[in-house]
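Student: Let me begin by handing over the structure; questions about it come next.
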Amino acid sequence: MSGLGRLFGREKKERGPTPEEAIQKLKETEKILIRKQEFLEQKIEQELQTAKKHGTKNKRAALQALRRKKRLEQQLAQTDGTLSTLEFQREAIENATTNAEVLRTMELAAQGMKKAYQDMDIDKVDELMADITEQQEVAQQISDAISRPMGFGDDVDEDELLEELEELEQEELAQELLHVGDKEEEPPVTLPSVPSTHLPAGPGSAALRMTVLGHPVSWRCRWLPVLLLLLLGTGRDPVVEGVTHYKAGDPVILYVNKVGPYHNPQETYHYYQLPVCCPEKIRHKSLSLGEVLDGDRMAESLYEIRFRENVEKRILCHMQLSSAQVEQLRQAIEELYYFEFVVDDLPIRGFVGYMEESGFLPHSHKIGLWTHLDFHLEFHGDRIIFANVSVRDVKPHSLDGLRPDEFLGLTHTYSVRWSETSVERRSDRRRGDDGGFFPRTLEIHWLSIINSMVLVFLLVGFVAVILMRVLRNDLARYNLDEETTSGGSGDDFDQGDNGWKIIHTDVFRFPPYRGLLCAVLGVGAQFLALGTGIIVMALLGMFNVHRHGAINSAAILLYALTCCISGYVSSHFYRQIGGERWVWNIILTTSLFSVPFFLTWSVVNSVHWANGSTQALPATTILLLLTVWLLVGFPLTVIGGIFGKNNASPFDAPCRTKNIAREIPPQPWYKSTLVHMTVGGFLPFSAISVELYYIFATVWGREQYTLYGILFFVFAILLSVGACISIALTYFQLSGEDYRWWWRSVLSVGSTGLFIFFYSVFYYARRSNMSGVVQTVEFFGYSLLTGYVFFLMLGTISFFSSLKFIRYIYVNLKMD
């Protein structure tokens, strides 16, 4: 009877909650976790919308929103894991409970079997019941262990979950209170409406055949805050590319942007100026300042594209073109007009039509219009990685043989093909962003680098070895003469001496037009900082290649912020050399570049406006840029000038300057200013001549320049060569007893800007295919400004290098 005693007569041990109670507790905990999960999903969606809202206006706010979204996603993942564990445990308890019920049923069956078989051996029955009891105990232990998992009560407690949920709700309420009273988002930039007039049919350049694109007064711009608007066009963090996430079937907006001649990159017009499929009401996309400066005019198109949904030859529109409209298209195709569309910040480009010209006798000239476009889009997950348009398998519609009074019926169609790619980021693609429409990214040109390095080593070696050796001999001779003639009269000494020592009482005589000289040095220092800043920003990957006008906006922003440098350097040096009219000096400094730039830009912008180009800026954008200069650039120049004036110390000259200037002996022709400008300008230009071609091909052509590391290296070479050649030319000038080195040092190396302008003329005539009034005026206008900027930069480097060198040699000279 021992087995029956264990089954029916044992004392009940203390147990935890029953399986039913454990299951009920787990269900309640699951409800709390589900509420927390829904709350976290709502918060993640809110942070994502916040990041999208500030993605193009406030980079810092967008990054903070994405960081909060990342933390919430981690909490959501932990909650999902805990919820899965609870579901598994609840199912295990239910299974264990079912097993216990089965065992109890077996127990009842065993009791019935005992009554039915009274004559069965009691020992066998006892053994059978003992086995059943042991199995029942094991099942009960499993049920107890599952109902009380190790550490679960400490990690996931119902009260703790409720408290955490209340904290999250309080955090959301606090965020809402912090943003109470924030300024609402200002209206986006409203682009001008497209004129209904068409291209004239008369002969002439492409620029003269385009219609005038009006800019009505209704074009509104975002004025405040100014710095925020400028930042809209700068490149975004490479980690946060601003790529839109789509779901299957979501609409993908395709924007039409601009058209223009392939060989005239700066001559662009609105796409809807051509007789193409156009919606009844044109809705433009909000653009940043950099995009407007880049000539972008994005407008929504009639193309209906949905994420991951293929389209086969869908009709876009039916058109009836008059003979004038057909002639307008023929002119655009003959000028090799290309169009640019934008899908999710990805530019896609293609030619408007097809032109075939072959044979001399007989001569054939065929013009065709592409009426069908194949869009190829690649995606990875929920993001678009690549977009391209193709007409490879399409036959163009002929525009030849149309009578003047005949109408041409056209049906425009399109296809969309989606394909999945393993590339996770757009920047990881090896091919160009335009699918090969423009030339590929420039490769490293080792010949230019090696040539520049050899030139730098030769010049540095010349200055460091030859020039220093000559200086050592001069110092030894002059100091020896000083000791041997110390007992004699000063007049006898002056009569027997020659070279750069004899002009020590005149070499630090302040030059004429000192205010202009200080203004040149201040603006030159500003552009040195500006150029270095842009190259460093490009090296750090702050310019997104998918973002239009990034460098334009960055240049405007940096120019406004670096105005304090020009004011400080100019006013500081002006006060050192005895200047008194410091207010006039600040005004001269701030207008030394801005006035020539404004005059040049006015002419270029007027030509664009007269020819209907999208490169022409509207009046509101012009006022915005002027406001940036008045509210940021000019005040920072004044502030920098005040600090420079107050921190200026007297000019520390190693030699005392006499009141009466010494007469300068006649100089040989090879020491004239013109020769020094030729030598001092040609050597730095030769160091960057090869690289200059690639820069011109990028700015005025279709190349994509991404070798910013090489550009930074060449920029450093340019400054080094300018400093070395300035020191050498200054020494030769002083050896001829000519102490007028102040302006000569600026002009000698600053003349590199003149060589750059001459090279631009050569590039326009022999290396480019540009033509027309629009392109010619813009190219030579901005080339003049480029040469002027290089004159200011290299003139500043040359002057301060010469000043440092002159201080060094006269400090080490023994004099009474």
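The way I read the labels, and the way they are meant: chains A, B, ... in the order of the structure tokens, residue 1 as the first residue of every chain, and ligand 1 as the first ligand shown, with later ones counted on from there.
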Show which residues sit within 6 Å of segment 333-348 of chain A, as a short mmCIF file (atom, residue, chain, number, x, y, z; two decimals) with C-alpha atoms, in the first residue's frame. Count only C-alpha atoms, and ignore same-chain residues fewer than 2 positions away.

Tutor:
```
data_model
loop_
_atom_site.label_atom_id
_atom_site.label_comp_id
_atom_site.auth_asym_id
_atom_site.auth_seq_id
_atom_site.Cartn_x
_atom_site.Cartn_y
_atom_site.Cartn_z
CA LEU A 254 8.76 62.67 -60.87
CA TYR A 255 9.69 66.34 -61.25
CA VAL A 256 10.56 67.92 -64.58
CA ASN A 257 13.36 70.41 -64.14
CA LYS A 258 15.11 72.09 -67.05
CA VAL A 259 16.36 71.78 -70.61
CA GLY A 260 19.33 73.28 -72.36
CA PRO A 261 22.12 72.80 -74.91
CA TYR A 262 24.46 69.96 -74.05
CA ARG A 330 13.48 70.94 -84.41
CA GLN A 331 15.65 73.85 -83.26
CA GLY A 350 18.19 62.33 -71.72
CA PHE A 351 18.12 64.06 -75.07
CA VAL A 352 14.95 65.66 -76.36
CA GLY A 353 15.27 64.11 -79.81
CA ASN A 388 17.74 56.31 -65.31
CA ASP A 434 23.29 59.87 -64.44
CA HIS A 546 22.43 64.06 -55.04
#
```

Student: For segment 557-564 of chain A, please output as a ChimeraX atom specification all residues within 9 Å (counting only C-alpha atoms; exclusion window: fewer than 6 positions along the same chain).

Tutor: /A:227,230-231,523,526-527,529-530,533-534,590,628-629,632-641

Student: With only C-alpha atoms as the basis for distance, which of A:Cys655, A:Met298, A:Cys724, A:Val423 is at the shortest distance from Arg509 of chain A?

Tutor: A:Cys655

Student: For the atom pair atom CA of Ser288 of chain A and atom CA of His270 of chain A, what is the interatomic distance in Å to one decimal place?

Tutor: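 Between these atoms lies a distance of 17.0 Å.
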
Student: I'd like the contact shell of Gly701 of chain A - 8 Å cut-off, only C-alpha atoms, skipping same-chain residues fewer than 3 positions apart - returned as a ChimeraX atom specification.

Tutor: /A:263-265,696-698,768

Student: From the options A:Ile587, A:Ile664, A:Leu72, A:Leu624, which residue's atoms come nearest to Ala519 of chain A, counting only C-alpha atoms?

Tutor: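 The closest residue to Ala519 of chain A is A:Ile587.
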
Student: Atom CA of Phe758 of chain A and atom CA of Phe712 of chain A are how many Å apart?

Tutor: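 It comes out at 23.4 Å.
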
Student: Taking only C-alpha atoms into account, which of A:Trp609, A:Phe597, A:Tyr574, A:Phe799 comes nearest Trp742 of chain A?

Tutor: A:Phe799

Student: To one decimal place, how far is atom CA of Glu691 of chain A from atom CA of Val714 of chain A in Å?

Tutor: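 Separation between atom CA of Glu691 of chain A and atom CA of Val714 of chain A: 7.8 Å.
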